[in-house]
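Coordinates from upload_38.cif are shown below (mmCIF, N, CA and C atoms).
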```cif
data_upload
#
loop_
_atom_site.label_atom_id
_atom_site.label_comp_id
_atom_site.auth_asym_id
_atom_site.auth_seq_id
_atom_site.Cartn_x
_atom_site.Cartn_y
_atom_site.Cartn_z
N MET A 25 -10.86 -13.02 9.57
CA MET A 25 -9.83 -12.04 9.32
C MET A 25 -10.17 -11.17 8.10
N LYS A 26 -10.74 -11.81 7.06
CA LYS A 26 -11.10 -11.07 5.85
C LYS A 26 -12.15 -10.00 6.17
N ARG A 27 -13.11 -10.36 7.02
CA ARG A 27 -14.15 -9.40 7.42
C ARG A 27 -13.54 -8.24 8.21
N PHE A 28 -12.58 -8.53 9.07
CA PHE A 28 -11.90 -7.49 9.85
C PHE A 28 -11.17 -6.51 8.91
N ILE A 29 -10.48 -7.06 7.94
CA ILE A 29 -9.74 -6.22 6.98
C ILE A 29 -10.71 -5.37 6.17
N SER A 30 -11.82 -5.96 5.73
CA SER A 30 -12.82 -5.20 4.97
C SER A 30 -13.42 -4.07 5.79
N LYS A 31 -13.77 -4.36 7.04
CA LYS A 31 -14.35 -3.33 7.91
C LYS A 31 -13.33 -2.23 8.19
N THR A 32 -12.08 -2.60 8.38
CA THR A 32 -11.03 -1.61 8.64
C THR A 32 -10.82 -0.73 7.41
N ALA A 33 -10.80 -1.34 6.23
CA ALA A 33 -10.64 -0.57 5.00
C ALA A 33 -11.80 0.40 4.81
N LEU A 34 -13.01 -0.06 5.03
CA LEU A 34 -14.18 0.81 4.90
C LEU A 34 -14.13 1.94 5.92
N ALA A 35 -13.81 1.61 7.16
CA ALA A 35 -13.74 2.64 8.21
C ALA A 35 -12.66 3.67 7.90
N SER A 36 -11.52 3.23 7.37
CA SER A 36 -10.46 4.20 7.05
C SER A 36 -10.86 5.09 5.88
N CYS A 37 -11.59 4.55 4.90
CA CYS A 37 -12.07 5.38 3.79
C CYS A 37 -13.07 6.42 4.28
N VAL A 38 -13.98 6.01 5.14
CA VAL A 38 -14.96 6.95 5.70
C VAL A 38 -14.24 8.00 6.54
N MET A 39 -13.34 7.57 7.38
CA MET A 39 -12.62 8.50 8.25
C MET A 39 -11.79 9.49 7.43
N PHE A 40 -11.11 8.99 6.41
CA PHE A 40 -10.33 9.87 5.53
C PHE A 40 -11.23 10.92 4.89
N SER A 41 -12.38 10.49 4.39
CA SER A 41 -13.30 11.43 3.73
C SER A 41 -13.82 12.48 4.69
N VAL A 42 -14.18 12.06 5.89
CA VAL A 42 -14.69 13.01 6.89
C VAL A 42 -13.61 14.01 7.28
N ILE A 43 -12.41 13.51 7.55
CA ILE A 43 -11.31 14.40 7.95
C ILE A 43 -10.94 15.35 6.81
N MET A 44 -10.88 14.84 5.58
CA MET A 44 -10.56 15.71 4.44
C MET A 44 -11.62 16.79 4.26
N ALA A 45 -12.89 16.42 4.39
CA ALA A 45 -13.97 17.41 4.25
C ALA A 45 -13.85 18.47 5.35
N TRP A 46 -13.58 18.03 6.56
CA TRP A 46 -13.44 18.96 7.68
C TRP A 46 -12.28 19.93 7.44
N PHE A 47 -11.11 19.41 7.12
CA PHE A 47 -9.95 20.27 6.92
C PHE A 47 -10.05 21.12 5.65
N LEU A 48 -10.76 20.62 4.66
CA LEU A 48 -11.02 21.43 3.47
C LEU A 48 -11.88 22.64 3.85
N ALA A 49 -12.92 22.40 4.63
CA ALA A 49 -13.77 23.51 5.09
C ALA A 49 -12.96 24.49 5.94
N MET A 50 -12.11 23.99 6.80
CA MET A 50 -11.29 24.86 7.64
C MET A 50 -10.29 25.65 6.78
N GLY A 51 -9.76 25.02 5.74
CA GLY A 51 -8.85 25.71 4.84
C GLY A 51 -9.53 26.87 4.15
N TYR A 52 -10.74 26.63 3.64
CA TYR A 52 -11.49 27.72 3.00
C TYR A 52 -11.83 28.82 4.01
N LEU A 53 -12.18 28.41 5.21
CA LEU A 53 -12.56 29.39 6.24
C LEU A 53 -11.39 30.27 6.64
N PHE A 54 -10.24 29.68 6.88
CA PHE A 54 -9.10 30.43 7.42
C PHE A 54 -8.14 30.96 6.36
N ALA A 55 -8.01 30.28 5.21
CA ALA A 55 -7.05 30.71 4.21
C ALA A 55 -7.71 31.26 2.95
N GLY A 56 -8.95 30.92 2.74
CA GLY A 56 -9.64 31.36 1.53
C GLY A 56 -9.33 30.46 0.35
N PRO A 57 -10.03 30.67 -0.75
CA PRO A 57 -9.84 29.81 -1.92
C PRO A 57 -8.40 29.87 -2.45
N SER A 58 -7.95 28.74 -2.92
CA SER A 58 -6.63 28.65 -3.54
C SER A 58 -6.67 27.48 -4.53
N TYR A 59 -5.66 27.41 -5.38
CA TYR A 59 -5.61 26.32 -6.35
C TYR A 59 -5.65 24.97 -5.64
N GLY A 60 -4.85 24.79 -4.61
CA GLY A 60 -4.78 23.51 -3.90
C GLY A 60 -6.10 23.12 -3.26
N LEU A 61 -6.76 24.08 -2.61
CA LEU A 61 -8.05 23.78 -1.99
C LEU A 61 -9.11 23.49 -3.05
N ASN A 62 -9.10 24.27 -4.12
CA ASN A 62 -10.08 24.03 -5.19
C ASN A 62 -9.87 22.67 -5.85
N LEU A 63 -8.60 22.29 -6.03
CA LEU A 63 -8.30 20.98 -6.59
C LEU A 63 -8.79 19.87 -5.66
N THR A 64 -8.52 20.02 -4.37
CA THR A 64 -8.97 19.03 -3.40
C THR A 64 -10.49 18.93 -3.37
N ALA A 65 -11.16 20.08 -3.39
CA ALA A 65 -12.63 20.07 -3.39
C ALA A 65 -13.16 19.39 -4.64
N SER A 66 -12.54 19.64 -5.79
CA SER A 66 -13.01 19.01 -7.02
C SER A 66 -12.78 17.50 -7.01
N LEU A 67 -11.70 17.05 -6.40
CA LEU A 67 -11.46 15.61 -6.27
C LEU A 67 -12.48 14.96 -5.34
N MET A 68 -12.80 15.65 -4.25
CA MET A 68 -13.83 15.11 -3.35
C MET A 68 -15.18 15.09 -4.04
N ALA A 69 -15.49 16.12 -4.81
CA ALA A 69 -16.76 16.16 -5.54
C ALA A 69 -16.82 15.04 -6.57
N ALA A 70 -15.71 14.78 -7.26
CA ALA A 70 -15.66 13.69 -8.23
C ALA A 70 -15.87 12.35 -7.54
N SER A 71 -15.24 12.15 -6.40
CA SER A 71 -15.40 10.90 -5.65
C SER A 71 -16.85 10.70 -5.23
N LEU A 72 -17.45 11.74 -4.70
CA LEU A 72 -18.84 11.66 -4.26
C LEU A 72 -19.77 11.44 -5.45
N GLY A 73 -19.56 12.20 -6.52
CA GLY A 73 -20.41 12.05 -7.70
C GLY A 73 -20.34 10.66 -8.29
N MET A 74 -19.14 10.12 -8.42
CA MET A 74 -18.99 8.79 -9.00
C MET A 74 -19.54 7.71 -8.07
N ALA A 75 -19.43 7.92 -6.76
CA ALA A 75 -20.02 6.96 -5.81
C ALA A 75 -21.54 6.95 -5.93
N VAL A 76 -22.13 8.13 -6.06
CA VAL A 76 -23.58 8.21 -6.25
C VAL A 76 -23.99 7.50 -7.54
N LEU A 77 -23.25 7.76 -8.61
CA LEU A 77 -23.56 7.11 -9.89
C LEU A 77 -23.38 5.59 -9.82
N GLN A 78 -22.36 5.15 -9.11
CA GLN A 78 -22.15 3.71 -8.96
C GLN A 78 -23.33 3.08 -8.24
N THR A 79 -23.78 3.71 -7.18
CA THR A 79 -24.93 3.19 -6.44
C THR A 79 -26.18 3.23 -7.31
N LEU A 80 -26.36 4.30 -8.05
CA LEU A 80 -27.52 4.45 -8.92
C LEU A 80 -27.56 3.35 -9.98
N TRP A 81 -26.45 3.13 -10.66
CA TRP A 81 -26.43 2.21 -11.80
C TRP A 81 -26.20 0.76 -11.44
N PHE A 82 -25.50 0.47 -10.33
CA PHE A 82 -25.13 -0.91 -10.04
C PHE A 82 -25.84 -1.50 -8.84
N SER A 83 -26.87 -0.83 -8.35
CA SER A 83 -27.74 -1.44 -7.35
C SER A 83 -29.13 -1.47 -7.97
N GLU A 84 -30.08 -2.00 -7.27
CA GLU A 84 -31.44 -2.03 -7.80
C GLU A 84 -32.28 -0.88 -7.23
N ALA A 85 -31.61 0.16 -6.73
CA ALA A 85 -32.32 1.29 -6.14
C ALA A 85 -33.22 1.98 -7.15
N VAL A 86 -32.77 2.12 -8.39
CA VAL A 86 -33.55 2.81 -9.42
C VAL A 86 -33.91 1.85 -10.55
N PHE A 87 -32.94 1.11 -11.04
CA PHE A 87 -33.14 0.22 -12.17
C PHE A 87 -33.24 -1.22 -11.66
N LYS A 88 -34.45 -1.76 -11.64
CA LYS A 88 -34.67 -3.10 -11.08
C LYS A 88 -34.10 -4.18 -11.98
N ARG A 89 -34.38 -4.09 -13.25
CA ARG A 89 -33.92 -5.13 -14.19
C ARG A 89 -33.25 -4.44 -15.37
N LEU A 90 -31.95 -4.45 -15.35
CA LEU A 90 -31.19 -3.82 -16.41
C LEU A 90 -29.95 -4.68 -16.66
N ALA A 91 -29.69 -5.00 -17.91
CA ALA A 91 -28.54 -5.84 -18.25
C ALA A 91 -27.25 -5.13 -17.85
N TYR A 92 -26.25 -5.92 -17.51
CA TYR A 92 -24.99 -5.37 -17.04
C TYR A 92 -24.33 -4.43 -18.06
N PRO A 93 -24.30 -4.76 -19.35
CA PRO A 93 -23.71 -3.80 -20.31
C PRO A 93 -24.45 -2.45 -20.33
N ALA A 94 -25.76 -2.49 -20.15
CA ALA A 94 -26.52 -1.23 -20.10
C ALA A 94 -26.17 -0.44 -18.84
N ARG A 95 -25.92 -1.13 -17.75
CA ARG A 95 -25.52 -0.46 -16.52
C ARG A 95 -24.16 0.24 -16.71
N ILE A 96 -23.22 -0.47 -17.35
CA ILE A 96 -21.90 0.13 -17.60
C ILE A 96 -22.03 1.34 -18.52
N ALA A 97 -22.83 1.19 -19.57
CA ALA A 97 -23.01 2.30 -20.51
C ALA A 97 -23.65 3.51 -19.81
N GLY A 98 -24.65 3.26 -18.99
CA GLY A 98 -25.30 4.36 -18.27
C GLY A 98 -24.36 5.03 -17.29
N PHE A 99 -23.62 4.21 -16.56
CA PHE A 99 -22.64 4.75 -15.61
C PHE A 99 -21.59 5.58 -16.35
N GLY A 100 -21.08 5.04 -17.45
CA GLY A 100 -20.05 5.74 -18.21
C GLY A 100 -20.56 7.03 -18.81
N ALA A 101 -21.77 7.00 -19.35
CA ALA A 101 -22.35 8.21 -19.97
C ALA A 101 -22.61 9.29 -18.93
N CYS A 102 -23.04 8.91 -17.75
CA CYS A 102 -23.30 9.90 -16.69
C CYS A 102 -21.99 10.33 -16.01
N GLY A 103 -21.04 9.41 -15.95
CA GLY A 103 -19.79 9.71 -15.26
C GLY A 103 -18.92 10.71 -15.97
N LEU A 104 -18.92 10.69 -17.29
CA LEU A 104 -18.07 11.62 -18.04
C LEU A 104 -18.41 13.08 -17.75
N PRO A 105 -19.67 13.49 -17.77
CA PRO A 105 -19.95 14.89 -17.42
C PRO A 105 -19.58 15.24 -15.97
N VAL A 106 -19.76 14.28 -15.06
CA VAL A 106 -19.41 14.54 -13.65
C VAL A 106 -17.90 14.77 -13.54
N ILE A 107 -17.13 13.84 -14.08
CA ILE A 107 -15.67 13.96 -14.02
C ILE A 107 -15.20 15.18 -14.81
N GLY A 108 -15.80 15.41 -15.96
CA GLY A 108 -15.43 16.57 -16.78
C GLY A 108 -15.67 17.88 -16.07
N ALA A 109 -16.82 18.01 -15.42
CA ALA A 109 -17.13 19.24 -14.67
C ALA A 109 -16.16 19.43 -13.51
N CYS A 110 -15.86 18.36 -12.81
CA CYS A 110 -14.91 18.46 -11.70
C CYS A 110 -13.51 18.83 -12.21
N ALA A 111 -13.12 18.25 -13.33
CA ALA A 111 -11.80 18.57 -13.92
C ALA A 111 -11.75 20.04 -14.34
N TRP A 112 -12.83 20.53 -14.93
CA TRP A 112 -12.86 21.91 -15.38
C TRP A 112 -12.87 22.86 -14.18
N LEU A 113 -13.74 22.59 -13.20
CA LEU A 113 -13.83 23.47 -12.02
C LEU A 113 -12.56 23.43 -11.18
N GLY A 114 -11.96 22.24 -11.07
CA GLY A 114 -10.75 22.09 -10.27
C GLY A 114 -9.48 22.41 -11.01
N ARG A 115 -9.61 22.72 -12.32
CA ARG A 115 -8.46 23.05 -13.16
C ARG A 115 -7.40 21.95 -13.10
N TRP A 116 -7.85 20.72 -13.40
CA TRP A 116 -6.95 19.58 -13.36
C TRP A 116 -5.87 19.66 -14.43
N MET A 117 -6.15 20.36 -15.52
CA MET A 117 -5.18 20.51 -16.60
C MET A 117 -4.91 21.99 -16.83
N PRO A 118 -3.71 22.33 -17.23
CA PRO A 118 -3.41 23.75 -17.50
C PRO A 118 -4.24 24.27 -18.67
N ASP A 119 -4.49 25.56 -18.66
CA ASP A 119 -5.28 26.20 -19.73
C ASP A 119 -4.61 26.04 -21.10
N GLU A 120 -3.32 25.92 -21.13
CA GLU A 120 -2.59 25.86 -22.39
C GLU A 120 -2.88 24.61 -23.22
N VAL A 121 -3.42 23.57 -22.61
CA VAL A 121 -3.64 22.33 -23.36
C VAL A 121 -4.76 22.48 -24.38
N GLY A 122 -5.70 23.38 -24.15
CA GLY A 122 -6.75 23.68 -25.12
C GLY A 122 -7.67 22.51 -25.42
N PRO A 123 -8.34 22.54 -26.59
CA PRO A 123 -9.30 21.49 -26.95
C PRO A 123 -8.66 20.11 -27.10
N GLY A 124 -7.40 20.08 -27.50
CA GLY A 124 -6.72 18.79 -27.61
C GLY A 124 -6.60 18.10 -26.27
N GLY A 125 -6.41 18.88 -25.22
CA GLY A 125 -6.34 18.32 -23.87
C GLY A 125 -7.67 17.77 -23.43
N ALA A 126 -8.74 18.45 -23.79
CA ALA A 126 -10.09 17.97 -23.45
C ALA A 126 -10.38 16.66 -24.18
N ALA A 127 -9.98 16.59 -25.45
CA ALA A 127 -10.18 15.35 -26.22
C ALA A 127 -9.36 14.21 -25.61
N ALA A 128 -8.12 14.50 -25.22
CA ALA A 128 -7.29 13.48 -24.59
C ALA A 128 -7.90 13.02 -23.26
N PHE A 129 -8.50 13.96 -22.54
CA PHE A 129 -9.17 13.63 -21.28
C PHE A 129 -10.32 12.65 -21.52
N VAL A 130 -11.13 12.93 -22.53
CA VAL A 130 -12.27 12.06 -22.86
C VAL A 130 -11.77 10.69 -23.28
N VAL A 131 -10.75 10.64 -24.13
CA VAL A 131 -10.20 9.35 -24.57
C VAL A 131 -9.65 8.58 -23.38
N ALA A 132 -8.91 9.25 -22.50
CA ALA A 132 -8.37 8.58 -21.32
C ALA A 132 -9.50 8.04 -20.45
N TYR A 133 -10.55 8.83 -20.26
CA TYR A 133 -11.70 8.38 -19.46
C TYR A 133 -12.31 7.12 -20.06
N LEU A 134 -12.54 7.14 -21.36
CA LEU A 134 -13.16 5.99 -22.02
C LEU A 134 -12.27 4.76 -21.98
N LEU A 135 -10.96 4.95 -22.13
CA LEU A 135 -10.03 3.81 -22.05
C LEU A 135 -10.01 3.22 -20.64
N ILE A 136 -9.98 4.08 -19.65
CA ILE A 136 -9.98 3.60 -18.25
C ILE A 136 -11.30 2.90 -17.95
N LEU A 137 -12.41 3.46 -18.40
CA LEU A 137 -13.72 2.82 -18.20
C LEU A 137 -13.75 1.45 -18.87
N ALA A 138 -13.27 1.36 -20.09
CA ALA A 138 -13.26 0.09 -20.81
C ALA A 138 -12.36 -0.93 -20.13
N ALA A 139 -11.18 -0.50 -19.71
CA ALA A 139 -10.23 -1.42 -19.07
C ALA A 139 -10.75 -1.93 -17.73
N THR A 140 -11.28 -1.04 -16.91
CA THR A 140 -11.79 -1.48 -15.61
C THR A 140 -13.05 -2.33 -15.77
N SER A 141 -13.89 -2.01 -16.74
CA SER A 141 -15.09 -2.82 -16.99
C SER A 141 -14.70 -4.21 -17.46
N ALA A 142 -13.74 -4.30 -18.36
CA ALA A 142 -13.30 -5.60 -18.86
C ALA A 142 -12.65 -6.41 -17.75
N ALA A 143 -11.81 -5.78 -16.96
CA ALA A 143 -11.15 -6.49 -15.86
C ALA A 143 -12.17 -6.99 -14.84
N TYR A 144 -13.15 -6.16 -14.50
CA TYR A 144 -14.16 -6.58 -13.54
C TYR A 144 -15.03 -7.70 -14.13
N ALA A 145 -15.39 -7.58 -15.40
CA ALA A 145 -16.21 -8.61 -16.03
C ALA A 145 -15.48 -9.95 -16.03
N LEU A 146 -14.19 -9.94 -16.34
CA LEU A 146 -13.41 -11.18 -16.31
C LEU A 146 -13.33 -11.76 -14.91
N TYR A 147 -13.07 -10.90 -13.95
CA TYR A 147 -13.00 -11.36 -12.56
C TYR A 147 -14.35 -11.93 -12.11
N TYR A 148 -15.43 -11.20 -12.40
CA TYR A 148 -16.74 -11.62 -11.95
C TYR A 148 -17.17 -12.90 -12.65
N LYS A 149 -16.87 -13.01 -13.93
CA LYS A 149 -17.22 -14.23 -14.68
C LYS A 149 -16.52 -15.44 -14.06
N LYS A 150 -15.27 -15.26 -13.68
CA LYS A 150 -14.51 -16.35 -13.07
C LYS A 150 -15.03 -16.66 -11.66
N ALA A 151 -15.40 -15.61 -10.90
CA ALA A 151 -15.81 -15.79 -9.51
C ALA A 151 -17.25 -16.26 -9.38
N ALA A 152 -18.17 -15.73 -10.20
CA ALA A 152 -19.59 -16.00 -9.95
C ALA A 152 -20.40 -16.28 -11.20
N GLY A 153 -19.80 -16.41 -12.34
CA GLY A 153 -20.58 -16.52 -13.56
C GLY A 153 -20.93 -15.12 -14.03
N SER A 154 -21.94 -14.99 -14.84
CA SER A 154 -22.29 -13.65 -15.33
C SER A 154 -23.04 -12.86 -14.27
N TYR A 155 -23.01 -11.57 -14.41
CA TYR A 155 -23.72 -10.69 -13.49
C TYR A 155 -25.21 -11.01 -13.50
N ASP A 156 -25.78 -11.18 -14.67
CA ASP A 156 -27.21 -11.45 -14.78
C ASP A 156 -27.57 -12.79 -14.12
N GLU A 157 -26.72 -13.80 -14.29
CA GLU A 157 -26.95 -15.09 -13.65
C GLU A 157 -26.91 -14.96 -12.13
N ALA A 158 -25.92 -14.23 -11.63
CA ALA A 158 -25.80 -14.04 -10.18
C ALA A 158 -27.00 -13.26 -9.64
N LEU A 159 -27.45 -12.26 -10.37
CA LEU A 159 -28.60 -11.48 -9.94
C LEU A 159 -29.86 -12.35 -9.93
N ALA A 160 -30.04 -13.18 -10.94
CA ALA A 160 -31.19 -14.08 -10.98
C ALA A 160 -31.14 -15.07 -9.82
N ARG A 161 -29.95 -15.59 -9.54
CA ARG A 161 -29.77 -16.51 -8.41
C ARG A 161 -30.11 -15.81 -7.09
N TYR A 162 -29.65 -14.57 -6.95
CA TYR A 162 -29.96 -13.79 -5.74
C TYR A 162 -31.46 -13.59 -5.60
N ARG A 163 -32.13 -13.25 -6.70
CA ARG A 163 -33.59 -13.04 -6.65
C ARG A 163 -34.33 -14.29 -6.28
N ARG A 164 -33.87 -15.45 -6.77
CA ARG A 164 -34.50 -16.71 -6.39
C ARG A 164 -34.34 -17.00 -4.91
N GLU A 165 -33.14 -16.72 -4.38
CA GLU A 165 -32.85 -17.01 -2.98
C GLU A 165 -33.42 -15.97 -2.03
N ASN A 166 -33.69 -14.78 -2.50
CA ASN A 166 -34.21 -13.69 -1.67
C ASN A 166 -35.43 -13.06 -2.34
N PRO A 167 -36.55 -13.76 -2.38
CA PRO A 167 -37.69 -13.24 -3.14
C PRO A 167 -38.33 -11.98 -2.56
N HIS A 168 -38.10 -11.67 -1.32
CA HIS A 168 -38.76 -10.52 -0.68
C HIS A 168 -37.91 -9.26 -0.64
N THR A 169 -36.74 -9.26 -1.27
CA THR A 169 -35.90 -8.06 -1.23
C THR A 169 -35.99 -7.27 -2.49
#
```
Structure translated into structure tokens:
Amino acid sequence: MKRFISKTALASCVMFSVIMAWFLAMGYLFAGPSYGLNLTASLMAASLGMAVLQTLWFSEAVFKRLAYPARIAGFGACGLPVIGACAWLGRWMPDEVGPGGAAAFVVAYLLILAATSAAYALYYKKAAGSYDEALARYRRENPHT
């Protein structure tokens, strides 16, 4: 049952993304640019950008042996410009907020990154031990991957 729920959740996320991309393109084609469409496009770009960064930093596709804190730091350092660019292009905040709003955005990003990293680390430590230990165990059990 757990596998069924996971596959359904993944399929609905993929389907949602495909449908949103399709209707976003149709919106631009038939209605032209607008605040709502630009905001939606920037949110989709942020989702895609952060997914790419997550795969880059938290798989072994690029970095074969990298400590978990370094992975979080790399993801966070790369993620801020991605999210910041999407926020600026999509006009997530009104122009009136000025530099103070940008500073608040950065602080909020860092707090959310720290909170989610801490929560995941606690969960993972309880579920599987440390990330590095689990990765070493995986490498021992799967030497050819």
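Between atom CA of A:Ala126 and atom N of A:Thr64 the separation is 19.3 Å.
Closest approach to A:Tyr59 from the set A:Gly73, A:Gly114, A:Gly98, A:Gly103 is made by A:Gly114, with distances taken over all atoms listed in the file.
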#### Entry: the PyMOL selection byres (((chain A and resi 100 and name CA) around 10) and name CA) applied to the shown file, residues as an MDAnalysis selection string
chainID A and resid 74 77:78 81 94:99 101:106 133:134 137:138 141
### Task
Name the residues captured by the PyMOL selection byres ((chain A and resi 70) around 8) when it is applied to the shown file; answer as a PyMOL selection string.
chain A and resi 64-69+71-76+106-111
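Atom to atom, atom CA of A:Ala160 and atom CA of A:Ala85 stand 16.2 Å apart.
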### Task
DSSP on the backbone, then: every residue of chain A marked alpha helix (DSSP H), written as an NGL selection string.
:A and (26-55 or 59-82 or 92-114 or 122-152 or 155-165)
Given 6 Å on each side, where is the centre and what are the edge lengths in Å to one decimal of the axis-aligned box enclosing the listed atoms of stretch 91-94 of chain A, as JSON?
```
{"center_x": -26.7, "center_y": -3.2, "center_z": -18.7, "size_x": 18.0, "size_y": 17.5, "size_z": 15.3}
```
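Taking atom CA of A:Ala45 and atom CA of A:Ala132 as the two end points, the separation is 27.6 Å.
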